[in-house]
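Participant: Please find input10.pdb (PDB, C-alpha atoms and all ligand atoms) on the next line:
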MODEL        1
ATOM      1  CA  MET A 181       0.241  36.407  81.029
ATOM      2  CA  SER A 182      -2.950  35.313  82.846
ATOM      3  CA  ASP A 183      -5.021  37.592  80.588
ATOM      4  CA  GLU A 184      -3.548  35.860  77.544
ATOM      5  CA  LEU A 185      -4.311  32.457  79.038
ATOM      6  CA  LEU A 186      -7.910  33.511  79.656
ATOM      7  CA  ALA A 187      -8.230  34.907  76.124
ATOM      8  CA  LEU A 188      -7.089  31.572  74.695
ATOM      9  CA  ALA A 189      -9.355  29.629  77.078
ATOM     10  CA  ARG A 190     -12.317  31.731  75.949
ATOM     11  CA  GLU A 191     -11.533  31.488  72.237
ATOM     12  CA  VAL A 192     -11.151  27.710  72.428
ATOM     13  CA  GLY A 193     -14.053  27.326  74.892
ATOM     14  CA  LEU A 194     -16.456  29.127  72.556
ATOM     15  CA  GLU A 195     -15.361  27.000  69.603
ATOM     16  CA  ALA A 196     -15.753  23.850  71.726
ATOM     17  CA  ALA A 197     -19.217  24.932  72.897
ATOM     18  CA  ASP A 198     -20.297  25.462  69.272
ATOM     19  CA  PHE A 199     -18.925  22.036  68.431
ATOM     20  CA  VAL A 200     -20.796  20.380  71.334
ATOM     21  CA  ALA A 201     -24.053  22.160  70.451
ATOM     22  CA  SER A 202     -23.868  21.385  66.748
ATOM     23  CA  SER A 203     -22.792  17.758  67.327
ATOM     24  CA  ARG A 204     -25.697  17.002  69.662
ATOM     25  CA  PRO A 205     -28.409  15.021  67.868
ATOM     26  CA  ASP A 206     -32.073  15.512  68.755
ATOM     27  CA  GLY A 207     -33.347  13.255  71.501
ATOM     28  CA  ARG A 208     -31.017  11.241  73.650
ATOM     29  CA  VAL A 209     -27.289  11.035  72.919
ATOM     30  CA  GLY A 210     -25.743   7.570  72.592
ATOM     31  CA  VAL A 211     -23.356   6.469  75.312
ATOM     32  CA  ALA A 212     -19.929   5.381  74.049
ATOM     33  CA  ASP A 213     -18.501   3.958  77.255
ATOM     34  CA  THR A 214     -18.689   3.941  81.052
ATOM     35  CA  LYS A 215     -15.999   4.933  83.556
ATOM     36  CA  SER A 216     -16.041   4.625  87.374
ATOM     37  CA  SER A 217     -19.413   2.789  87.396
ATOM     38  CA  PRO A 218     -22.133   1.766  84.885
ATOM     39  CA  THR A 219     -23.866   5.141  85.455
ATOM     40  CA  ASP A 220     -20.677   7.172  84.814
ATOM     41  CA  VAL A 221     -21.116   7.628  81.077
ATOM     42  CA  VAL A 222     -19.076   9.211  78.320
ATOM     43  CA  THR A 223     -20.122   9.984  74.748
ATOM     44  CA  GLU A 224     -18.130  10.196  71.526
ATOM     45  CA  ILE A 225     -18.771  13.951  71.699
ATOM     46  CA  ASP A 226     -16.984  14.229  75.102
ATOM     47  CA  HIS A 227     -13.908  12.601  73.533
ATOM     48  CA  ALA A 228     -14.045  14.608  70.305
ATOM     49  CA  THR A 229     -14.489  17.868  72.234
ATOM     50  CA  GLU A 230     -11.523  17.153  74.471
ATOM     51  CA  ASP A 231      -9.438  16.341  71.360
ATOM     52  CA  LEU A 232     -10.517  19.622  69.785
ATOM     53  CA  ILE A 233      -9.663  21.662  72.897
ATOM     54  CA  ARG A 234      -6.307  19.948  73.355
ATOM     55  CA  SER A 235      -5.230  20.391  69.741
ATOM     56  CA  ARG A 236      -6.341  24.056  69.597
ATOM     57  CA  ILE A 237      -4.485  24.929  72.815
ATOM     58  CA  LEU A 238      -1.331  22.971  72.082
ATOM     59  CA  GLU A 239      -1.013  24.232  68.505
ATOM     60  CA  ARG A 240      -0.746  27.733  70.013
ATOM     61  CA  ARG A 241       1.219  26.739  73.160
ATOM     62  CA  PRO A 242       3.077  23.512  72.296
ATOM     63  CA  ASP A 243       5.164  23.407  75.485
ATOM     64  CA  ASP A 244       2.202  23.424  77.886
ATOM     65  CA  GLY A 245       0.821  20.396  79.695
ATOM     66  CA  PHE A 246      -2.778  19.193  79.400
ATOM     67  CA  VAL A 247      -5.016  17.219  81.762
ATOM     68  CA  GLY A 248      -8.541  16.373  80.626
ATOM     69  CA  GLU A 249     -11.437  14.450  82.124
ATOM     70  CA  GLU A 250     -11.388  11.977  79.257
ATOM     71  CA  GLY A 251      -7.724  11.214  79.839
ATOM     72  CA  HIS A 252      -5.988  12.501  76.724
ATOM     73  CA  ASP A 253      -3.200  13.990  78.839
ATOM     74  CA  VAL A 254       0.055  15.578  77.700
ATOM     75  CA  GLN A 255       3.096  16.184  79.897
ATOM     76  CA  GLY A 256       4.386  19.684  79.181
ATOM     77  CA  THR A 257       7.741  21.383  79.628
ATOM     78  CA  SER A 258       6.436  24.893  80.430
ATOM     79  CA  PRO A 259       5.032  25.890  83.872
ATOM     80  CA  VAL A 260       1.520  26.064  82.361
ATOM     81  CA  GLU A 261      -0.896  23.140  82.574
ATOM     82  CA  TRP A 262      -4.429  23.212  81.180
ATOM     83  CA  VAL A 263      -7.114  21.435  83.210
ATOM     84  CA  VAL A 264     -10.139  20.708  81.054
ATOM     85  CA  ASP A 265     -13.579  19.187  81.321
ATOM     86  CA  PRO A 266     -14.909  19.022  77.743
ATOM     87  CA  ILE A 267     -18.490  18.515  78.957
ATOM     88  CA  ASP A 268     -19.230  18.950  82.662
ATOM     89  CA  GLY A 269     -22.754  17.656  83.106
ATOM     90  CA  THR A 270     -22.462  14.744  80.685
ATOM     91  CA  VAL A 271     -25.613  13.045  82.007
ATOM     92  CA  ASN A 272     -27.592  16.259  81.367
ATOM     93  CA  PHE A 273     -26.042  16.385  77.899
ATOM     94  CA  VAL A 274     -27.102  12.785  77.212
ATOM     95  CA  TYR A 275     -30.694  13.468  78.300
ATOM     96  CA  GLY A 276     -30.955  16.934  76.740
ATOM     97  CA  ILE A 277     -31.306  18.812  80.042
ATOM     98  CA  PRO A 278     -29.892  22.279  79.201
ATOM     99  CA  CYS A 279     -27.258  22.380  81.946
ATOM    100  CA  TYR A 280     -23.832  21.283  80.705
ATOM    101  CA  ALA A 281     -20.652  23.239  80.225
ATOM    102  CA  VAL A 282     -17.205  23.379  78.690
ATOM    103  CA  SER A 283     -14.681  24.133  81.458
ATOM    104  CA  ILE A 284     -11.085  25.243  80.800
ATOM    105  CA  ALA A 285      -8.557  26.283  83.459
ATOM    106  CA  ALA A 286      -4.922  27.309  83.064
ATOM    107  CA  ALA A 287      -2.665  26.568  86.041
ATOM    108  CA  VAL A 288       0.819  28.052  86.374
ATOM    109  CA  ASP A 289       3.152  26.096  88.639
ATOM    110  CA  GLY A 290       0.108  24.241  89.939
ATOM    111  CA  VAL A 291      -1.990  27.329  90.782
ATOM    112  CA  VAL A 292      -5.047  28.089  88.652
ATOM    113  CA  GLU A 293      -4.531  31.569  87.192
ATOM    114  CA  ALA A 294      -7.320  31.731  84.602
ATOM    115  CA  GLY A 295     -10.656  29.956  84.362
ATOM    116  CA  TYR A 296     -13.396  29.872  81.747
ATOM    117  CA  VAL A 297     -16.743  28.052  81.828
ATOM    118  CA  VAL A 298     -19.505  28.282  79.226
ATOM    119  CA  ASN A 299     -22.966  26.775  79.539
ATOM    120  CA  VAL A 300     -23.323  25.199  76.105
ATOM    121  CA  ALA A 301     -27.111  25.184  76.072
ATOM    122  CA  SER A 302     -27.680  28.787  77.216
ATOM    123  CA  GLY A 303     -24.451  30.422  76.012
ATOM    124  CA  GLU A 304     -23.914  32.026  79.431
ATOM    125  CA  GLU A 305     -20.172  32.549  80.008
ATOM    126  CA  TRP A 306     -18.185  32.719  83.249
ATOM    127  CA  ALA A 307     -14.536  33.714  83.532
ATOM    128  CA  ALA A 308     -11.871  34.717  86.019
ATOM    129  CA  VAL A 309      -8.251  35.787  86.263
ATOM    130  CA  ARG A 310      -6.552  35.363  89.632
ATOM    131  CA  GLY A 311      -6.304  38.723  91.380
ATOM    132  CA  ALA A 312      -8.308  40.513  88.693
ATOM    133  CA  GLY A 313     -11.871  39.355  89.401
ATOM    134  CA  SER A 314     -14.485  37.279  87.672
ATOM    135  CA  TRP A 315     -17.358  38.018  85.330
ATOM    136  CA  ARG A 316     -20.462  36.584  83.749
ATOM    137  CA  GLN A 317     -21.437  37.345  80.166
ATOM    138  CA  VAL A 318     -24.677  36.897  78.255
ATOM    139  CA  GLY A 319     -24.572  38.141  74.671
ATOM    140  CA  GLU A 320     -22.672  41.436  74.741
ATOM    141  CA  ARG A 321     -23.489  42.136  78.382
ATOM    142  CA  ARG A 322     -20.616  41.433  80.776
ATOM    143  CA  VAL A 323     -21.183  41.790  84.532
ATOM    144  CA  ARG A 324     -18.489  41.741  87.188
ATOM    145  CA  LEU A 325     -19.257  39.142  89.874
ATOM    146  CA  THR A 326     -19.463  39.923  93.583
ATOM    147  CA  ALA A 327     -21.008  37.197  95.701
ATOM    148  CA  PRO A 328     -23.794  38.647  97.862
ATOM    149  CA  GLU A 329     -23.883  38.376 101.663
ATOM    150  CA  PRO A 330     -25.344  34.967 102.474
ATOM    151  CA  PRO A 331     -28.436  34.290 104.578
ATOM    152  CA  VAL A 332     -28.429  32.472 107.904
ATOM    153  CA  LEU A 333     -27.852  28.751 107.613
ATOM    154  CA  ALA A 334     -31.481  27.810 107.984
ATOM    155  CA  HIS A 335     -32.210  29.852 104.844
ATOM    156  CA  ALA A 336     -29.297  28.610 102.770
ATOM    157  CA  LEU A 337     -29.803  27.086  99.330
ATOM    158  CA  VAL A 338     -27.000  24.543  99.013
ATOM    159  CA  GLY A 339     -25.700  23.031  95.778
ATOM    160  CA  THR A 340     -24.342  19.500  95.831
ATOM    161  CA  GLY A 341     -23.792  16.431  93.685
ATOM    162  CA  PHE A 342     -23.167  12.730  93.913
ATOM    163  CA  SER A 343     -20.461  10.299  92.956
ATOM    164  CA  TYR A 344     -21.224   7.674  90.323
ATOM    165  CA  VAL A 345     -20.037   4.913  92.699
ATOM    166  CA  PRO A 346     -22.985   3.334  94.594
ATOM    167  CA  GLU A 347     -21.113   2.791  97.904
ATOM    168  CA  ILE A 348     -19.979   6.440  97.985
ATOM    169  CA  ARG A 349     -23.471   7.582  97.021
ATOM    170  CA  ALA A 350     -24.957   5.773  99.997
ATOM    171  CA  LYS A 351     -22.688   7.790 102.318
ATOM    172  CA  GLN A 352     -23.474  11.029 100.481
ATOM    173  CA  ALA A 353     -27.194  10.321 100.823
ATOM    174  CA  ALA A 354     -26.765   9.804 104.575
ATOM    175  CA  ALA A 355     -24.934  13.138 104.901
ATOM    176  CA  LEU A 356     -27.604  14.845 102.824
ATOM    177  CA  ALA A 357     -30.348  13.417 105.031
ATOM    178  CA  GLN A 358     -28.664  15.188 107.961
ATOM    179  CA  LEU A 359     -28.198  18.444 106.072
ATOM    180  CA  LEU A 360     -31.558  18.841 104.352
ATOM    181  CA  PRO A 361     -33.684  19.563 107.458
ATOM    182  CA  GLN A 362     -31.208  22.271 108.517
ATOM    183  CA  VAL A 363     -31.148  24.419 105.366
ATOM    184  CA  ARG A 364     -33.666  26.036 102.978
ATOM    185  CA  ASP A 365     -33.185  23.352 100.351
ATOM    186  CA  ILE A 366     -30.613  21.693  98.166
ATOM    187  CA  ARG A 367     -30.018  21.799  94.402
ATOM    188  CA  ARG A 368     -28.398  19.039  92.342
ATOM    189  CA  THR A 369     -27.993  20.506  88.859
ATOM    190  CA  GLY A 370     -25.639  17.831  87.492
ATOM    191  CA  SER A 371     -22.741  20.188  86.710
ATOM    192  CA  ALA A 372     -20.375  21.070  89.541
ATOM    193  CA  ALA A 373     -18.690  23.675  87.328
ATOM    194  CA  LEU A 374     -21.978  25.501  86.783
ATOM    195  CA  ASP A 375     -22.891  25.130  90.482
ATOM    196  CA  LEU A 376     -19.729  26.981  91.533
ATOM    197  CA  CYS A 377     -20.265  29.704  88.920
ATOM    198  CA  GLU A 378     -23.864  30.139  90.043
ATOM    199  CA  LEU A 379     -22.707  30.396  93.650
ATOM    200  CA  ALA A 380     -20.455  33.257  92.509
ATOM    201  CA  ALA A 381     -23.523  34.994  91.094
ATOM    202  CA  GLY A 382     -25.682  34.472  94.200
ATOM    203  CA  ARG A 383     -27.918  31.778  92.700
ATOM    204  CA  LEU A 384     -26.816  29.437  95.488
ATOM    205  CA  ASP A 385     -25.639  30.228  99.036
ATOM    206  CA  ALA A 386     -23.139  27.406  99.428
ATOM    207  CA  PHE A 387     -21.823  24.280  97.769
ATOM    208  CA  VAL A 388     -20.554  20.954  99.080
ATOM    209  CA  GLU A 389     -19.514  17.805  97.235
ATOM    210  CA  GLN A 390     -17.204  14.851  97.802
ATOM    211  CA  GLY A 391     -15.395  13.055  94.987
ATOM    212  CA  LEU A 392     -14.935  15.917  92.521
ATOM    213  CA  MET A 393     -11.903  15.857  90.265
ATOM    214  CA  PRO A 394      -9.703  18.880  89.418
ATOM    215  CA  TRP A 395     -11.337  19.426  86.014
ATOM    216  CA  ASP A 396     -14.771  19.686  87.672
ATOM    217  CA  HIS A 397     -13.821  22.656  89.859
ATOM    218  CA  ALA A 398     -10.529  24.179  88.592
ATOM    219  CA  ALA A 399     -12.018  26.912  86.391
ATOM    220  CA  ALA A 400     -15.269  27.475  88.279
ATOM    221  CA  GLY A 401     -13.484  27.451  91.646
ATOM    222  CA  LEU A 402     -11.499  30.487  90.478
ATOM    223  CA  VAL A 403     -14.690  32.171  89.222
ATOM    224  CA  ALA A 404     -16.150  31.700  92.715
ATOM    225  CA  THR A 405     -12.947  32.737  94.519
ATOM    226  CA  GLU A 406     -12.615  35.908  92.498
ATOM    227  CA  ALA A 407     -16.230  36.773  93.261
ATOM    228  CA  GLY A 408     -15.352  36.671  96.972
ATOM    229  CA  ILE A 409     -16.343  33.078  97.790
ATOM    230  CA  LEU A 410     -14.122  30.901  99.985
ATOM    231  CA  VAL A 411     -13.502  27.551  98.256
ATOM    232  CA  ALA A 412     -11.941  24.984 100.573
ATOM    233  CA  GLY A 413     -11.329  21.322 101.250
ATOM    234  CA  LEU A 414     -10.422  19.227 104.253
ATOM    235  CA  ASP A 415      -6.969  20.789 104.767
ATOM    236  CA  GLY A 416      -7.363  24.097 103.023
ATOM    237  CA  GLU A 417      -7.292  23.467  99.285
ATOM    238  CA  PRO A 418     -10.269  21.644  97.731
ATOM    239  CA  ASP A 419      -9.519  18.144  96.484
ATOM    240  CA  GLU A 420     -11.171  14.840  95.635
ATOM    241  CA  ARG A 421     -12.102  14.234  99.268
ATOM    242  CA  LEU A 422     -14.141  17.407  99.648
ATOM    243  CA  VAL A 423     -15.025  20.708  97.992
ATOM    244  CA  MET A 424     -16.919  23.245 100.123
ATOM    245  CA  ALA A 425     -17.662  26.822  99.085
ATOM    246  CA  ALA A 426     -19.473  29.727 100.727
ATOM    247  CA  HIS A 427     -19.175  33.442 101.449
ATOM    248  CA  PRO A 428     -16.414  34.011 104.063
ATOM    249  CA  ALA A 429     -18.821  35.928 106.283
ATOM    250  CA  ILE A 430     -20.508  32.657 107.126
ATOM    251  CA  SER A 431     -18.224  29.943 105.718
ATOM    252  CA  GLU A 432     -17.008  28.768 109.118
ATOM    253  CA  GLU A 433     -20.546  28.009 110.242
ATOM    254  CA  TYR A 434     -21.560  26.475 106.911
ATOM    255  CA  PHE A 435     -18.446  24.289 106.659
ATOM    256  CA  ALA A 436     -18.791  23.096 110.271
ATOM    257  CA  LEU A 437     -22.364  22.015 109.527
ATOM    258  CA  PHE A 438     -21.297  20.148 106.373
ATOM    259  CA  ARG A 439     -18.624  18.287 108.324
ATOM    260  CA  ALA A 440     -20.999  17.547 111.197
ATOM    261  CA  CYS A 441     -23.470  16.053 108.715
ATOM    262  CA  GLY A 442     -20.796  13.649 107.447
ATOM    263  CA  PHE A 443     -19.460  15.403 104.349
TER     264      PHE A 443
HETATM  265  C1  LIG B 501     -20.045  15.466  87.106
HETATM  266  C2  LIG B 501     -20.807  16.721  87.406
HETATM  267  C3  LIG B 501     -21.731  16.495  88.580
HETATM  268  C4  LIG B 501     -21.000  16.012  89.793
HETATM  269  C5  LIG B 501     -20.205  14.775  89.465
HETATM  270  C6  LIG B 501     -19.257  15.046  88.307
HETATM  271  P1  LIG B 501     -19.398  14.977  84.560
HETATM  272  O1  LIG B 501     -19.142  15.658  86.017
HETATM  273  O2  LIG B 501     -19.940  17.789  87.706
HETATM  274  O3  LIG B 501     -22.423  17.678  88.950
HETATM  275  O4  LIG B 501     -21.936  15.733  90.805
HETATM  276  O5  LIG B 501     -19.477  14.433  90.625
HETATM  277  O6  LIG B 501     -18.549  13.881  88.010
HETATM  278  O7  LIG B 501     -19.295  13.497  84.755
HETATM  279  O8  LIG B 501     -20.740  15.385  84.114
HETATM  280  O9  LIG B 501     -18.306  15.564  83.731
HETATM  281 CA    CA B 502     -16.982  16.786  85.095
ENDMDL
END
Taking this structure as input, can you express it in the form of structure tokens?

Facilitator:
Amino acid sequence: MSDELLALAREVGLEAADFVASSRPDGRVGVADTKSSPTDVVTEIDHATEDLIRSRILERRPDDGFVGEEGHDVQGTSPVEWVVDPIDGTVNFVYGIPCYAVSIAAAVDGVVEAGYVVNVASGEEWAAVRGAGSWRQVGERRVRLTAPEPPVLAHALVGTGFSYVPEIRAKQAAALAQLLPQVRDIRRTGSAALDLCELAAGRLDAFVEQGLMPWDHAAAGLVATEAGILVAGLDGEPDERLVMAAHPAISEEYFALFRACGF
């Protein structure tokens, strides 16, 4: 069943990515509304894309539940719930920075079984089925993902991101100030979903962020997990309080440093 869920996620994800790309005007995209703070923006295209994804999935699987970042949720009666971010990296999308993604996960009884992420601007695809691995695809070329052995901490390239809420940001900045002198460098791409996929492919060595929501990391977290990355939170599972991810060979050391820095 997980293969079928992934196939549907990919079919709908590709249609949604085409819709996002073709709906984007040249220049800067207009902001329709704000959410948790004045800098937490949403566009009409975020809403329309979530509507498209929800209707495509539920017309094929009408009993399933649906949770989306833009809040058009549906309570289902089947064990399957779809967890969707129509555009992860909305600020990049608004500014035209080519780093934003459609993210679709299918959870069965609360456990993510299939995940699909597509970078709208580049077309690069990422996908995973629990227990069956993860892959990256560009054009016709599909490559199975195996996260490489990480470097020592001092040479780690660490992905992170910030909340839109100023008070939380101030704390994140303080933690980052502790972390930065102890690692190679940090990257803040503006899409947590793409960060976790890139970690799976060895383009980052670790990832840490507070305040992420399930739709930010559900699909990409499985892509990372299936590539051999350990994705964790404060008490095991990642949640809004904390998402940390790194290769298990060195995750204990990496995670201890993140916590010691105040993450
Ligand atoms: C955001 C991105 C960003 C992360 C933020 C998220 P959005 O999602 O994933 O990288 O740092 O915490 O809210 O708002 O672009 O869908
Ligand atoms: Ca998001």

Participant: Calculated over all atoms listed in the file, which of the candidates A:Ala301, A:Ala350, A:Ala201, A:Ala412 has the smallest distance to A:Pro278?

Facilitator: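 With all atoms listed in the file as the atom set, the closest residue is A:Ala301.
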
Participant: Run through the PyMOL selection byres (((not hetatm)) within 9 of (chain B and resi 502)) on the given coordinates and return the selected residues as a list of chain:residue names.

Facilitator: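 After applying the PyMOL selection byres (((not hetatm)) within 9 of (chain B and resi 502)), what remains is A:Glu249, A:Val264, A:Asp265, A:Pro266, A:Ile267, A:Asp268, A:Gly269, A:Thr270, A:Ala281, A:Ser283, A:Ser371, A:Ala372, A:Ala373, A:Leu392, A:Met393, A:Pro394, A:Trp395, A:Asp396, A:His397.
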
Participant: Which polymer residues have any atom within 7 Å of an atom of stretch 415-430 of chain A, counting all atoms listed in the file, with same-chain residues fewer than 2 positions away left out, as a CSV table (one decimal) with C-alpha atoms, in the coordinates of the input?

Facilitator:
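Result file is result_17.csv:
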chain,number,residue,atom,x,y,z
A,329,GLU,CA,-23.9,38.4,101.7
A,330,PRO,CA,-25.3,35.0,102.5
A,385,ASP,CA,-25.6,30.2,99.0
A,386,ALA,CA,-23.1,27.4,99.4
A,387,PHE,CA,-21.8,24.3,97.8
A,388,VAL,CA,-20.6,21.0,99.1
A,389,GLU,CA,-19.5,17.8,97.2
A,390,GLN,CA,-17.2,14.9,97.8
A,391,GLY,CA,-15.4,13.1,95.0
A,392,LEU,CA,-14.9,15.9,92.5
A,393,MET,CA,-11.9,15.9,90.3
A,408,GLY,CA,-15.4,36.7,97.0
A,409,ILE,CA,-16.3,33.1,97.8
A,410,LEU,CA,-14.1,30.9,100.0
A,411,VAL,CA,-13.5,27.6,98.3
A,412,ALA,CA,-11.9,25.0,100.6
A,413,GLY,CA,-11.3,21.3,101.2
A,432,GLU,CA,-17.0,28.8,109.1
A,433,GLU,CA,-20.5,28.0,110.2
A,434,TYR,CA,-21.6,26.5,106.9
A,435,PHE,CA,-18.4,24.3,106.7

Participant: Nearest residue to A:Val309 out of A:Gly401, A:Lys215, A:Arg204, A:Pro346, using all atoms listed in the file?

Facilitator: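 Residue with the minimum atom-to-atom distance to A:Val309: A:Gly401.
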
Participant: Just give me the residues with any atom within 10 Å of (-30.7, 13.7, 71.5), file coordinates, counting all atoms listed in the file, written as a ChimeraX atom specification.

Facilitator: /A:203-210,273-277

Participant: For ligand LIG 501 (chain B), take all atoms listed in the file, fit an axis-aligned box around them, add 3 Å to each of the six sides, then output centre and edge lengths in Å rounded to one decimal, as AutoDock Vina command-line options.

Facilitator:
--center_x -20.4 --center_y 15.6 --center_z 87.3 --size_x 10.1 --size_y 10.3 --size_z 13.1

Participant: Which residue, A:Phe438, A:Phe443, A:Val221, A:Ser302, has the smallest gap to A:Tyr280 when you use only C-alpha atoms?

Facilitator: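 Nearest candidate to A:Tyr280 out of A:Phe438, A:Phe443, A:Val221, A:Ser302: A:Ser302.
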
Participant: When distances are computed from only C-alpha atoms and all ligand atoms, which of A:Asp243, A:Ser343, A:Ala381, A:Ala353 shows the smallest separation from ligand LIG 501 (chain B)?

Facilitator: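 Among the listed residues, A:Ser343 lies closest to ligand LIG 501 (chain B).
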
Participant: Check what the PyMOL selection byres (((chain A and resi 325) around 10) and not hetatm) selects in the file above and give those residues as a list in words.

Facilitator: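 Selected by the PyMOL selection byres (((chain A and resi 325) around 10) and not hetatm) here: Trp306, Ala307, Ala308, Gly313, Ser314, Trp315, Arg316, Arg322, Val323, Arg324, Thr326, Ala327, Pro328, Cys377, Ala380, Ala381, Gly382, Val403, Ala404, Glu406, Ala407 and Gly408 of chain A.
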
Participant: Record the distance separating atom CA of A:Val254 and atom CA of A:Ile225, expressed in Å with one decimal.

Facilitator: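 One can read the atom CA of A:Val254 to atom CA of A:Ile225 distance as 19.8 Å.
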
Participant: Take the PyMOL selection byres (((chain A and resi 260) around 6) and not hetatm), apply it to the structure above, and return the hits as a JSON list (two decimals) with C-alpha atoms, keeping the file's coordinate frame.

Facilitator:
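Produced file selection.json, reproduced below:
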[["chain", "number", "residue", "atom", "x", "y", "z"],
["A", 244, "ASP", "CA", 2.20, 23.42, 77.89],
["A", 258, "SER", "CA", 6.44, 24.89, 80.43],
["A", 259, "PRO", "CA", 5.03, 25.89, 83.87],
["A", 261, "GLU", "CA", -0.90, 23.14, 82.57],
["A", 287, "ALA", "CA", -2.66, 26.57, 86.04],
["A", 288, "VAL", "CA", 0.82, 28.05, 86.37]]
